[in-house]
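Below: protein.txt (compact mmCIF, C-alpha atoms and all ligand atoms)
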# COMPACT_ATOMS: atom_id res chain seq x y z
CA MET A 1 0.00 0.00 0.00
CA HIS A 2 1.22 3.52 -0.81
CA PRO A 3 -0.14 5.60 2.08
CA GLU A 4 -1.12 9.23 1.78
CA VAL A 5 0.57 9.79 5.12
CA LEU A 6 3.30 7.67 6.68
CA ILE A 7 3.85 8.35 10.39
CA ILE A 8 7.10 7.16 11.90
CA GLY A 9 6.76 6.61 15.65
CA GLY A 10 3.79 5.19 17.54
CA GLY A 11 3.99 7.08 20.83
CA VAL A 12 1.30 9.45 22.01
CA ILE A 13 2.28 11.98 19.34
CA GLY A 14 2.29 9.65 16.32
CA LEU A 15 -0.88 7.82 17.41
CA SER A 16 -2.75 11.08 18.12
CA ILE A 17 -1.80 12.40 14.69
CA ALA A 18 -2.93 9.14 13.05
CA ARG A 19 -6.32 9.37 14.76
CA GLU A 20 -6.87 13.02 13.90
CA LEU A 21 -5.89 12.50 10.24
CA HIS A 22 -8.33 9.61 10.04
CA LYS A 23 -11.11 11.68 11.64
CA GLN A 24 -10.48 14.42 9.06
CA GLY A 25 -10.93 12.00 6.19
CA VAL A 26 -7.42 10.83 5.28
CA LYS A 27 -8.02 7.30 4.02
CA ARG A 28 -4.62 5.66 3.70
CA ILE A 29 -2.51 6.14 6.82
CA ALA A 30 0.43 3.94 7.80
CA LEU A 31 2.32 4.08 11.10
CA ILE A 32 5.62 2.37 11.79
CA ASP A 33 7.20 1.72 15.18
CA LYS A 34 10.54 0.15 15.88
CA GLY A 35 9.07 -1.72 18.84
CA ARG A 36 5.50 -1.88 20.06
CA CYS A 37 3.44 1.28 19.97
CA GLY A 38 3.35 3.37 23.13
CA GLU A 39 6.05 1.54 25.05
CA GLU A 40 8.59 4.36 25.24
CA ALA A 41 8.27 7.81 26.90
CA SER A 42 4.50 7.84 26.49
CA TRP A 43 4.26 4.77 28.72
CA ALA A 44 6.74 6.08 31.31
CA ALA A 45 5.09 9.48 31.82
CA ALA A 46 3.18 10.68 34.88
CA GLY A 47 0.28 12.00 32.79
CA MET A 48 0.28 15.47 34.34
CA LEU A 49 -1.59 18.11 32.35
CA THR A 50 -0.15 20.96 34.37
CA PRO A 51 1.10 23.92 32.31
CA GLN A 52 0.34 26.40 35.08
CA VAL A 53 2.75 24.55 37.38
CA GLU A 54 5.39 23.40 34.91
CA VAL A 55 5.83 26.40 32.60
CA ASP A 56 7.60 29.29 34.30
CA GLU A 57 6.66 32.28 32.16
CA PRO A 58 4.02 33.55 29.77
CA GLY A 59 4.71 33.15 26.05
CA ALA A 60 4.14 30.85 23.10
CA PHE A 61 5.10 27.67 24.95
CA PHE A 62 2.75 28.43 27.85
CA ASP A 63 -0.02 29.22 25.36
CA ILE A 64 0.41 26.03 23.35
CA CYS A 65 0.41 23.98 26.57
CA CYS A 66 -2.74 25.63 27.98
CA THR A 67 -4.56 25.36 24.65
CA SER A 68 -3.75 21.66 24.45
CA ARG A 69 -4.79 21.06 28.06
CA ASP A 70 -8.14 22.71 27.34
CA LEU A 71 -8.75 20.21 24.53
CA TYR A 72 -8.54 17.27 26.96
CA PRO A 73 -12.17 17.10 28.19
CA ALA A 74 -13.47 16.73 24.61
CA PHE A 75 -10.53 14.46 23.66
CA ALA A 76 -11.32 12.13 26.59
CA ASP A 77 -15.07 12.09 25.85
CA GLN A 78 -14.51 11.39 22.16
CA LEU A 79 -12.03 8.59 22.84
CA LEU A 80 -14.53 7.00 25.22
CA ASP A 81 -17.23 7.13 22.52
CA GLU A 82 -14.88 5.90 19.81
CA THR A 83 -13.17 3.08 21.71
CA GLY A 84 -15.02 2.42 24.98
CA ILE A 85 -11.75 3.16 26.81
CA ASP A 86 -11.84 5.68 29.66
CA ILE A 87 -8.52 7.53 29.75
CA GLU A 88 -9.22 8.62 33.33
CA LEU A 89 -9.00 12.36 32.92
CA ASP A 90 -8.94 13.53 36.55
CA ARG A 91 -10.03 17.15 36.98
CA THR A 92 -9.59 17.39 40.76
CA GLY A 93 -6.88 20.04 40.28
CA THR A 94 -3.25 20.48 41.26
CA LEU A 95 -1.55 21.88 44.36
CA TYR A 96 1.88 23.50 44.38
CA LEU A 97 3.27 23.54 47.92
CA ALA A 98 5.70 26.13 49.31
CA PHE A 99 8.04 25.20 52.16
CA SER A 100 10.92 27.71 52.03
CA ASP A 101 11.35 31.47 51.53
CA ASP A 102 12.44 30.78 47.96
CA ASP A 103 9.30 28.71 47.36
CA LEU A 104 7.14 31.53 48.73
CA SER A 105 8.70 34.09 46.45
CA GLU A 106 8.29 31.70 43.49
CA ILE A 107 4.58 31.05 44.16
CA HIS A 108 3.83 34.74 44.71
CA LYS A 109 5.46 35.61 41.39
CA ARG A 110 3.53 32.83 39.64
CA PHE A 111 0.28 33.96 41.27
CA GLU A 112 0.84 37.50 40.04
CA TRP A 113 1.51 36.80 36.38
CA GLN A 114 -1.10 34.08 36.04
CA SER A 115 -3.88 35.98 37.83
CA LYS A 116 -3.08 39.06 35.70
CA ALA A 117 -3.50 36.83 32.63
CA GLY A 118 -6.97 35.85 33.90
CA LEU A 119 -6.09 32.21 34.64
CA ALA A 120 -7.72 30.16 37.39
CA ILE A 121 -5.28 30.18 40.32
CA GLU A 122 -5.75 30.43 44.11
CA ASN A 123 -3.23 31.32 46.80
CA LEU A 124 -3.97 29.11 49.84
CA SER A 125 -2.90 29.51 53.47
CA ALA A 126 -1.42 26.54 55.36
CA ASN A 127 -4.83 25.91 56.97
CA GLU A 128 -6.61 25.96 53.65
CA VAL A 129 -4.10 23.42 52.30
CA GLN A 130 -4.79 21.05 55.22
CA HIS A 131 -8.51 21.39 54.60
CA LEU A 132 -8.21 20.67 50.87
CA GLU A 133 -5.57 17.92 51.13
CA PRO A 134 -5.34 16.56 54.69
CA SER A 135 -2.43 14.26 53.75
CA ALA A 136 -0.14 17.22 52.87
CA SER A 137 2.80 17.96 55.15
CA GLN A 138 2.21 20.21 58.17
CA ASN A 139 5.38 22.07 57.17
CA VAL A 140 3.65 23.70 54.21
CA ARG A 141 3.64 27.48 54.56
CA GLU A 142 1.38 28.39 51.64
CA ALA A 143 0.32 26.85 48.36
CA LEU A 144 -1.11 27.56 44.96
CA PHE A 145 -4.15 25.66 43.75
CA PHE A 146 -4.75 25.25 40.02
CA PRO A 147 -8.30 23.99 39.43
CA ASN A 148 -7.63 23.59 35.68
CA ASP A 149 -4.33 21.70 35.85
CA TRP A 150 -5.29 18.02 35.61
CA GLN A 151 -3.92 14.55 34.99
CA VAL A 152 -4.67 11.62 32.70
CA GLU A 153 -3.76 7.90 32.82
CA ASN A 154 -1.31 8.03 29.93
CA ARG A 155 -1.15 4.23 29.54
CA LYS A 156 -4.92 4.11 29.01
CA LEU A 157 -4.61 7.02 26.60
CA ILE A 158 -2.10 5.02 24.55
CA SER A 159 -4.38 1.95 24.61
CA ALA A 160 -7.33 4.03 23.43
CA LEU A 161 -5.34 5.63 20.60
CA LYS A 162 -3.89 2.28 19.49
CA TYR A 163 -7.34 0.67 19.59
CA TYR A 164 -8.75 3.56 17.54
CA ALA A 165 -6.07 2.89 14.92
CA ASP A 166 -6.78 -0.87 14.95
CA ILE A 167 -10.53 -0.53 14.45
CA ASN A 168 -10.26 2.18 11.80
CA GLY A 169 -7.96 0.54 9.31
CA ILE A 170 -4.81 2.50 10.09
CA ASP A 171 -1.98 0.29 8.86
CA ILE A 172 0.29 -0.23 11.89
CA ARG A 173 3.60 -1.99 11.46
CA GLU A 174 5.38 -2.71 14.72
CA ASN A 175 8.93 -4.02 15.22
CA THR A 176 9.99 -2.10 12.11
CA GLN A 177 12.83 0.36 12.58
CA VAL A 178 13.31 3.22 10.13
CA LYS A 179 16.96 3.91 9.37
CA LYS A 180 16.54 6.81 7.00
CA LEU A 181 14.05 8.96 5.13
CA ILE A 182 14.22 8.58 1.38
CA VAL A 183 14.93 11.92 -0.28
CA GLN A 184 14.48 12.49 -4.02
CA GLY A 185 15.63 15.96 -5.03
CA THR A 186 14.01 18.23 -2.48
CA ARG A 187 11.22 15.81 -1.53
CA VAL A 188 10.93 13.12 1.12
CA VAL A 189 9.17 10.20 -0.57
CA GLY A 190 9.08 7.71 2.28
CA ALA A 191 11.27 5.76 4.65
CA GLU A 192 13.70 2.88 4.57
CA THR A 193 14.25 0.12 7.12
CA SER A 194 17.07 -2.43 6.94
CA ASP A 195 15.06 -4.49 4.44
CA ILE A 196 12.12 -2.51 3.00
CA GLN A 197 11.23 0.84 1.56
CA ILE A 198 7.80 2.38 2.19
CA THR A 199 6.83 5.26 -0.04
CA ALA A 200 4.19 7.83 0.89
CA ASP A 201 2.85 11.20 -0.26
CA ILE A 202 3.75 12.79 3.09
CA THR A 203 5.98 11.53 5.90
CA VAL A 204 5.53 12.61 9.53
CA LEU A 205 8.40 12.10 11.94
CA ALA A 206 7.19 11.45 15.51
CA THR A 207 10.07 9.40 16.83
CA GLY A 208 10.58 11.05 20.22
CA ALA A 209 13.98 10.73 21.87
CA LEU A 210 15.41 8.61 19.02
CA THR A 211 14.77 11.16 16.26
CA SER A 212 18.43 12.14 15.77
CA LEU A 213 19.34 8.52 14.95
CA ILE A 214 17.38 8.71 11.68
CA LYS A 215 19.10 10.02 8.56
CA LEU A 216 17.52 12.50 6.17
CA GLY A 217 18.75 10.95 2.95
CA GLN A 218 22.51 10.85 3.42
CA PHE A 219 22.51 13.70 5.96
CA ASP A 220 21.89 14.04 9.68
CA MET A 221 18.62 15.61 10.75
CA PRO A 222 19.03 19.40 10.69
CA PHE A 223 18.15 19.61 14.41
CA ASP A 224 19.11 17.59 17.48
CA VAL A 225 16.89 15.68 19.88
CA GLU A 226 18.54 14.30 23.01
CA PRO A 227 17.15 11.71 25.42
CA VAL A 228 16.64 12.95 29.00
CA HIS A 229 16.26 10.01 31.36
CA GLY A 230 13.47 10.25 33.95
CA GLN A 231 12.53 7.82 36.73
CA ILE A 232 9.29 7.45 38.68
CA ILE A 233 8.41 5.28 41.68
CA ALA A 234 4.93 4.11 42.72
CA PHE A 235 3.33 3.26 46.07
CA ARG A 236 0.21 1.17 46.59
CA PRO A 237 -1.47 2.38 49.79
CA ALA A 238 -4.32 0.29 51.20
CA GLU A 239 -6.63 3.29 51.09
CA ASN A 240 -6.71 6.54 49.10
CA LEU A 241 -4.26 8.86 50.82
CA VAL A 242 -4.03 11.69 48.33
CA LYS A 243 -6.70 13.45 46.29
CA HIS A 244 -4.81 15.98 44.16
CA VAL A 245 -1.74 16.06 42.01
CA ILE A 246 0.75 17.66 44.43
CA CYS A 247 3.90 19.45 43.26
CA SER A 248 6.77 21.27 44.92
CA SER A 249 10.04 22.74 43.70
CA SER A 250 11.63 19.28 44.11
CA GLY A 251 9.10 16.89 42.55
CA TYR A 252 5.53 15.71 42.27
CA ILE A 253 2.99 13.15 43.44
CA VAL A 254 0.21 11.84 41.21
CA PRO A 255 -2.62 9.74 42.71
CA ARG A 256 -4.04 7.30 40.16
CA MET A 257 -7.63 6.05 40.07
CA ASP A 258 -6.41 2.46 40.55
CA GLY A 259 -5.04 3.47 43.99
CA ARG A 260 -1.36 3.84 43.05
CA ILE A 261 0.52 6.99 43.99
CA LEU A 262 3.30 7.95 41.57
CA ALA A 263 6.25 10.04 42.73
CA GLY A 264 8.57 11.67 40.19
CA SER A 265 10.83 12.44 38.74
CA THR A 266 14.56 12.40 38.12
CA SER A 267 16.14 14.10 35.13
CA LYS A 268 19.54 13.16 33.71
CA LYS A 269 21.30 12.98 30.37
CA VAL A 270 22.69 9.45 30.22
CA GLY A 271 22.29 8.55 26.56
CA PHE A 272 19.81 5.82 25.60
CA ASP A 273 20.06 3.82 28.84
CA LYS A 274 16.63 3.23 30.43
CA SER A 275 17.70 1.46 33.61
CA VAL A 276 16.45 2.38 37.08
CA SER A 277 18.58 2.86 40.19
CA GLU A 278 18.26 2.30 43.91
CA SER A 279 19.65 5.79 44.57
CA ALA A 280 16.91 7.39 42.45
CA ALA A 281 14.26 5.38 44.31
CA LEU A 282 15.59 6.69 47.63
CA GLU A 283 15.75 10.26 46.36
CA LEU A 284 12.17 10.12 45.04
CA ARG A 285 10.91 8.49 48.21
CA GLU A 286 12.46 11.25 50.33
CA MET A 287 10.93 13.94 48.10
CA ALA A 288 7.50 12.25 48.23
CA CYS A 289 7.60 11.95 52.05
CA GLU A 290 8.35 15.67 52.35
CA LEU A 291 5.09 16.37 50.51
CA VAL A 292 2.99 13.60 52.09
CA PRO A 293 4.63 12.22 55.28
CA ALA A 294 2.28 9.18 55.48
CA LEU A 295 4.04 7.72 52.43
CA ALA A 296 6.99 6.93 54.72
CA ASP A 297 5.09 3.86 55.99
CA LEU A 298 4.78 2.33 52.51
CA GLU A 299 6.98 0.07 50.41
CA ILE A 300 7.93 1.15 46.93
CA ALA A 301 5.71 -1.07 44.76
CA ASP A 302 7.10 -0.20 41.33
CA GLN A 303 9.78 1.84 39.59
CA TRP A 304 10.38 2.65 35.93
CA ALA A 305 12.24 4.98 33.59
CA GLY A 306 11.75 6.59 30.21
CA LEU A 307 13.53 8.94 27.83
CA ARG A 308 12.10 12.42 27.35
CA PRO A 309 12.75 13.82 23.87
CA CYS A 310 14.56 17.15 24.32
CA SER A 311 15.68 19.65 21.66
CA LEU A 312 18.59 22.06 22.13
CA ASP A 313 16.32 24.74 23.63
CA GLY A 314 13.97 22.31 25.40
CA LEU A 315 11.00 23.28 23.21
CA PRO A 316 9.06 21.12 20.74
CA VAL A 317 10.11 20.75 17.12
CA LEU A 318 6.97 21.19 15.08
CA GLY A 319 6.79 22.02 11.40
CA SER A 320 8.45 21.39 8.08
CA VAL A 321 12.16 21.60 7.30
CA ASN A 322 13.67 24.34 5.17
CA ASP A 323 13.90 23.34 1.48
CA ILE A 324 12.43 19.88 2.10
CA GLU A 325 8.95 19.03 0.86
CA SER A 326 6.51 16.36 2.04
CA LEU A 327 8.08 16.00 5.47
CA PHE A 328 6.52 17.14 8.72
CA ILE A 329 8.27 17.00 12.11
CA ALA A 330 6.40 16.53 15.41
CA THR A 331 8.87 15.71 18.14
CA ALA A 332 10.88 16.93 21.16
CA HIS A 333 7.86 17.45 23.39
CA TYR A 334 10.29 16.90 26.30
CA ARG A 335 8.39 16.99 29.66
CA ASN A 336 4.98 17.73 28.13
CA GLY A 337 4.23 15.33 25.29
CA ILE A 338 1.13 13.85 26.91
CA LEU A 339 -0.18 17.35 27.54
CA LEU A 340 0.66 18.53 24.02
CA ALA A 341 -0.68 15.52 22.09
CA PRO A 342 -4.21 16.73 21.23
CA LEU A 343 -3.12 20.15 19.97
CA THR A 344 -0.11 18.74 18.12
CA ALA A 345 -2.43 16.31 16.32
CA LYS A 346 -4.89 19.07 15.47
CA LEU A 347 -2.24 21.48 14.14
CA VAL A 348 -0.47 18.83 12.07
CA THR A 349 -3.76 17.59 10.61
CA GLU A 350 -5.01 21.09 9.75
CA LYS A 351 -1.74 21.68 7.91
CA LEU A 352 -1.67 18.36 6.06
CA VAL A 353 -5.36 18.25 5.19
CA ASN A 354 -6.24 21.93 4.66
CA GLY A 355 -2.83 23.56 4.21
CA ALA A 356 -3.52 25.69 7.31
CA ASP A 357 -0.38 27.24 8.73
CA SER A 358 0.09 28.03 12.40
CA GLU A 359 2.33 30.61 14.01
CA TYR A 360 3.58 27.73 16.17
CA PHE A 361 5.24 26.19 13.09
CA THR A 362 7.49 29.25 12.96
CA THR A 363 8.06 29.55 16.71
CA PHE A 364 8.75 25.83 17.15
CA GLY A 365 9.94 25.03 13.62
CA ALA A 366 13.03 22.92 12.97
CA ASP A 367 14.64 25.79 11.08
CA ARG A 368 15.18 27.82 14.26
CA PHE A 369 18.31 25.78 15.06
CA ARG A 370 20.59 25.73 12.08
CA PRO A 371 18.95 26.33 8.76
CA ARG A 372 20.87 24.59 6.05
CA SER A 373 20.21 23.07 2.69
CA VAL A 374 19.77 19.30 2.62
CA SER A 375 18.42 19.10 -0.85
CA THR A 376 20.35 16.24 -2.44
CA GLY A 377 21.02 12.58 -2.03
CA SER A 378 19.08 9.56 -0.82
P1 LIG B 1 7.58 8.31 22.48
O1 LIG B 1 6.48 7.97 23.39
O2 LIG B 1 8.97 8.02 22.95
O3 LIG B 1 7.29 7.57 21.13
C1 LIG B 1 8.19 7.60 20.05
C2 LIG B 1 7.99 6.28 19.30
O4 LIG B 1 8.82 6.31 18.16
C3 LIG B 1 8.43 5.08 20.14
O5 LIG B 1 7.36 4.17 20.25
C4 LIG B 1 9.61 4.51 19.38
O6 LIG B 1 9.68 3.10 19.42
C5 LIG B 1 9.35 5.01 17.95
N1 LIG B 1 10.57 5.16 17.17
C6 LIG B 1 11.71 5.83 17.53
N2 LIG B 1 12.62 5.71 16.56
C7 LIG B 1 12.07 4.96 15.58
C8 LIG B 1 12.54 4.50 14.32
N3 LIG B 1 13.77 4.78 13.88
N4 LIG B 1 11.71 3.75 13.55
C9 LIG B 1 10.45 3.45 13.98
N5 LIG B 1 9.97 3.87 15.18
C10 LIG B 1 10.76 4.61 15.97
N6 LIG B 1 4.60 14.49 29.63
C11 LIG B 1 3.47 15.10 30.06
O7 LIG B 1 2.79 15.76 29.30
N7 LIG B 1 3.09 14.97 31.38
C12 LIG B 1 3.83 14.27 32.27
O8 LIG B 1 3.46 14.18 33.45
C13 LIG B 1 5.01 13.65 31.85
N8 LIG B 1 5.77 12.96 32.72
C14 LIG B 1 6.89 12.33 32.29
C15 LIG B 1 7.63 11.59 33.20
C16 LIG B 1 8.73 10.87 32.77
C17 LIG B 1 9.52 10.08 33.77
C18 LIG B 1 9.07 10.88 31.40
C19 LIG B 1 10.24 10.08 30.92
C20 LIG B 1 8.36 11.65 30.50
C21 LIG B 1 7.27 12.40 30.93
N9 LIG B 1 6.52 13.19 30.08
C22 LIG B 1 5.38 13.79 30.48
C23 LIG B 1 6.98 13.44 28.70
C24 LIG B 1 6.25 12.58 27.70
O9 LIG B 1 6.31 11.24 28.13
C25 LIG B 1 6.88 12.72 26.32
O10 LIG B 1 7.03 14.07 25.96
C26 LIG B 1 5.99 12.04 25.27
O11 LIG B 1 5.67 10.73 25.65
C27 LIG B 1 6.66 12.04 23.92
O12 LIG B 1 5.84 11.32 23.04
P2 LIG B 1 6.38 10.81 21.66
O13 LIG B 1 5.28 10.11 20.99
O14 LIG B 1 7.06 11.94 20.95
O15 LIG B 1 7.59 9.84 22.06
N1 LIG B 2 6.36 16.42 33.24
C1 LIG B 2 6.86 15.57 34.24
C2 LIG B 2 8.16 14.97 33.95
O1 LIG B 2 8.66 15.11 32.85
O2 LIG B 2 8.72 14.36 34.82
Encoded form using structure tokens:
Amino acid sequence: MHPEVLIIGGGVIGLSIARELHKQGVKRIALIDKGRCGEEASWAAAGMLTPQVEVDEPGAFFDICCTSRDLYPAFADQLLDETGIDIELDRTGTLYLAFSDDDLSEIHKRFEWQSKAGLAIENLSANEVQHLEPSASQNVREALFFPNDWQVENRKLISALKYYADINGIDIRENTQVKKLIVQGTRVVGAETSDIQITADITVLATGALTSLIKLGQFDMPFDVEPVHGQIIAFRPAENLVKHVICSSSGYIVPRMDGRILAGSTSKKVGFDKSVSESAALELREMACELVPALADLEIADQWAGLRPCSLDGLPVLGSVNDIESLFIATAHYRNGILLAPLTAKLVTEKLVNGADSEYFTTFGADRFRPRSVSTGS
């Protein structure tokens, strides 16, 4: 089959794009993954949809994150209708706890710029925190509450997106690793693995942390994506201890609907290694107990790691590449790929189906790094 669109990478980004293209009428879509879909960063994530906590200043990145977050209620409802899978969008809200003088100055600054921008944000006293989240540490001095910063069960999201693809005729090929994109003149005409070539009208690259390993014809990709290793631990309390996503300057806690409490995360550049360590487990446990002291009584029930895809400036790479036709890049969503999936899918689809440009393709385009001509060779 010669697909209209070939998507390389079956994480949350590639699968969301496949679904949106299908919903907008693209008939022949193929998606290739080197392993099984959704088993890399998108599986390892904490599922936080928390731009108001995680982004430190107003601007295009904050805007794209908030816009994508606001798509989640409809995204979750539609996926439930389409697949019967509940992605467990939890809209209880997020707390950001302040313990030190530095934390207080940080939350006051955040309160000021976000309330000026008209966003939902509340500054809580220590007593109000105890009332809202009785499990929170008594050492909390103040907190911010973000009623619109939520979380989702990212593993269920992946299952729903994969199931959507399966039941709608999207051609998924797993265990198929792309080595290079095939370039003819100035056009990408498909992709090559160690033993096959797949041609397509348009190729979308959604390969997360491994993007820089793929060649563009005989050249390197004209931008870099580095893996940033992150670890999470999980507790399984006998009863629900925590109601909200709770963050601080040193980490976060995410209570899941199945009773688990996740605590994350570490952040290190260690290449493509995905192993976990005892020292990280201890560090995360200590951080989690500072936020919720009752966790000290619990065993660590699980631990895992994943590789965040990070560009040179830490922002997504979204758009086409200078002088290269029929190629679209959607990668480097770093710490926010779950959050950014619905809007990424919408923007990419509007471009590929209707030719609609977005200012985000300039702001986050690949050409911001080192524009250069890659117009020959295959
Ligand atoms: P991936 O999920 O990594 O998918 C890329 C896919 O491409 C993989 O399946 C891979 O096998 C495939 N692939 C790669 N190379 C090739 C090739 N050559 N040929 C074929 N297939 C290929 N984000 C949030 O929004 N909220 C969070 O709370 C959050 N928490 C996180 C916590 C941790 C510990 C980590 C590690 C990440 C977290 N993230 C979070 C970030 C988020 O997980 C990523 O930004 C997101 O999953 C990226 O999605 P992706 O589809 O681009 O990449
Ligand atoms: N966004 C949470 C993390 O990357 O750990």
Which centre and which edge lengths, in Å to one decimal, describe the axis-aligned box that holds all listed atoms of ligand LIG 2 (chain B) after 3 Å is added on each side, as JSON?
{"center_x": 7.5, "center_y": 15.4, "center_z": 33.8, "size_x": 8.4, "size_y": 8.1, "size_z": 8.0}
Could you pull the residues within 10 Å of Gly11 (chain A), counting only C-alpha atoms, minus those fewer than 2 positions along the same chain, as an mmCIF file with C-alpha atoms, keeping the file's coordinate frame?
data_model
loop_
_atom_site.group_PDB
_atom_site.id
_atom_site.type_symbol
_atom_site.label_atom_id
_atom_site.label_comp_id
_atom_site.auth_asym_id
_atom_site.auth_seq_id
_atom_site.Cartn_x
_atom_site.Cartn_y
_atom_site.Cartn_z
ATOM 1 C CA ILE A 8 7.100 7.160 11.900
ATOM 2 C CA GLY A 9 6.760 6.610 15.650
ATOM 3 C CA ILE A 13 2.280 11.980 19.340
ATOM 4 C CA GLY A 14 2.290 9.650 16.320
ATOM 5 C CA LEU A 15 -0.880 7.820 17.410
ATOM 6 C CA SER A 16 -2.750 11.080 18.120
ATOM 7 C CA ILE A 17 -1.800 12.400 14.690
ATOM 8 C CA ASP A 33 7.200 1.720 15.180
ATOM 9 C CA ARG A 36 5.500 -1.880 20.060
ATOM 10 C CA CYS A 37 3.440 1.280 19.970
ATOM 11 C CA GLY A 38 3.350 3.370 23.130
ATOM 12 C CA GLU A 39 6.050 1.540 25.050
ATOM 13 C CA GLU A 40 8.590 4.360 25.240
ATOM 14 C CA ALA A 41 8.270 7.810 26.900
ATOM 15 C CA SER A 42 4.500 7.840 26.490
ATOM 16 C CA TRP A 43 4.260 4.770 28.720
ATOM 17 C CA ILE A 158 -2.100 5.020 24.550
ATOM 18 C CA LEU A 161 -5.340 5.630 20.600
ATOM 19 C CA LYS A 162 -3.890 2.280 19.490
ATOM 20 C CA ALA A 206 7.190 11.450 15.510
ATOM 21 C CA THR A 207 10.070 9.400 16.830
ATOM 22 C CA GLY A 208 10.580 11.050 20.220
ATOM 23 C CA GLY A 337 4.230 15.330 25.290
ATOM 24 C CA ILE A 338 1.130 13.850 26.910
ATOM 25 C CA ALA A 341 -0.680 15.520 22.090
#
How would you write, as a PyMOL selection string, the set of residues no farther than 9 Å from ligand LIG 2 (chain B) when counting only C-alpha atoms and all ligand atoms? chain A and resi 45-50+54+230-232+251-252+264-267+308+334-339
Within 8 Å of file point (1.3, 6.2, 4.7), counting all atoms listed in the file, expressed as a PyMOL selection string: chain A and resi 1-7+28-31+171+198-203
Between CA of Ile64 (chain A) and CA of Tyr163 (chain A) lies a distance of 26.8 Å
Can I get the residues of region 232-295 of chain A within 12 Å of region 85-100 of chain A, each with the closest pair of atoms and their distance in Å to one decimal, using all atoms listed in the file, sorted chain first then ascending number, as JSON lines?
{"residue": "A:Val242", "atom": "CA", "partner": "A:Thr92", "partner_atom": "CA", "distance": 11.0}
{"residue": "A:Lys243", "atom": "CA", "partner": "A:Thr92", "partner_atom": "CA", "distance": 7.4}
{"residue": "A:His244", "atom": "CA", "partner": "A:Thr94", "partner_atom": "CA", "distance": 5.6}
{"residue": "A:Val245", "atom": "CA", "partner": "A:Thr94", "partner_atom": "CA", "distance": 4.7}
{"residue": "A:Ile246", "atom": "CA", "partner": "A:Leu95", "partner_atom": "CA", "distance": 4.8}
{"residue": "A:Cys247", "atom": "CA", "partner": "A:Tyr96", "partner_atom": "CA", "distance": 4.7}
{"residue": "A:Ser248", "atom": "CA", "partner": "A:Leu97", "partner_atom": "CA", "distance": 5.1}
{"residue": "A:Ser249", "atom": "CA", "partner": "A:Ala98", "partner_atom": "CA", "distance": 7.9}
{"residue": "A:Ser250", "atom": "CA", "partner": "A:Leu97", "partner_atom": "CA", "distance": 10.1}
{"residue": "A:Gly251", "atom": "CA", "partner": "A:Tyr96", "partner_atom": "CA", "distance": 10.0}
{"residue": "A:Tyr252", "atom": "CA", "partner": "A:Tyr96", "partner_atom": "CA", "distance": 8.9}
{"residue": "A:Ile253", "atom": "CA", "partner": "A:Thr94", "partner_atom": "CA", "distance": 9.9}
{"residue": "A:Val254", "atom": "CA", "partner": "A:Thr94", "partner_atom": "CA", "distance": 9.3}
{"residue": "A:Pro255", "atom": "CA", "partner": "A:Asp90", "partner_atom": "CA", "distance": 9.6}
{"residue": "A:Arg256", "atom": "CA", "partner": "A:Glu88", "partner_atom": "CA", "distance": 8.7}
{"residue": "A:Met257", "atom": "CA", "partner": "A:Glu88", "partner_atom": "CA", "distance": 7.4}
{"residue": "A:Asp258", "atom": "CA", "partner": "A:Glu88", "partner_atom": "CA", "distance": 9.9}
{"residue": "A:Glu290", "atom": "CA", "partner": "A:Phe99", "partner_atom": "CA", "distance": 9.5}
{"residue": "A:Leu291", "atom": "CA", "partner": "A:Leu97", "partner_atom": "CA", "distance": 7.8}
{"residue": "A:Val292", "atom": "CA", "partner": "A:Leu97", "partner_atom": "CA", "distance": 10.8}
At most 8 Å is the cut-off: for each residue in region 294-331 of chain A with any atom that close to an atom of region 269-280 of chain A, write down the nearest atom pair and the distance in Å rounded to one decimal, counting all atoms listed in the file, chain first then increasing number, as CSV.
residue,atom,partner,partner_atom,distance
A:Gln303,CA,A:Val276,CA,7.1
A:Trp304,CA,A:Val276,CA,6.2
A:Ala305,CA,A:Lys274,CA,5.7
A:Gly306,CA,A:Lys274,CA,5.9
A:Leu307,CA,A:Lys274,CA,7.0
I'd like the contact shell of Ile121 (chain A) - 9 Å cut-off, all atoms listed in the file, skipping same-chain residues fewer than 5 positions apart - returned as number ranges by chain. A: 52, 111, 114-115, 144-148
Could you write those residues out with C-alpha atoms, as a PDB file, in the frame of the given file?
ATOM      1  CA  GLN A  52       0.340  26.400  35.080  1.00  0.00           C
ATOM      2  CA  PHE A 111       0.280  33.960  41.270  1.00  0.00           C
ATOM      3  CA  GLN A 114      -1.100  34.080  36.040  1.00  0.00           C
ATOM      4  CA  SER A 115      -3.880  35.980  37.830  1.00  0.00           C
ATOM      5  CA  LEU A 144      -1.110  27.560  44.960  1.00  0.00           C
ATOM      6  CA  PHE A 145      -4.150  25.660  43.750  1.00  0.00           C
ATOM      7  CA  PHE A 146      -4.750  25.250  40.020  1.00  0.00           C
ATOM      8  CA  PRO A 147      -8.300  23.990  39.430  1.00  0.00           C
ATOM      9  CA  ASN A 148      -7.630  23.590  35.680  1.00  0.00           C
TER      10      ASN A 148
END
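Residue nearest ligand LIG 1 (chain B), chosen from A:Ser212, A:Phe328, A:Gly319, A:His333 and counting all atoms listed in the file: A:His333.
Proximity to Arg19 (chain A) was assessed for A:Ile300, A:Ala160, A:Val204, A:Leu216 counting all atoms listed in the file; the smallest distance is recorded for A:Ala160.
Going from CA of Phe223 (chain A) over to CA of Val321 (chain A), you cover 9.5 Å.
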Ala366 (chain A) surroundings by only C-alpha atoms, 9 Å radius, close-in-sequence under 6 positions cut, as a VMD selection string: chain A and resid 222 to 223 316 to 322 329
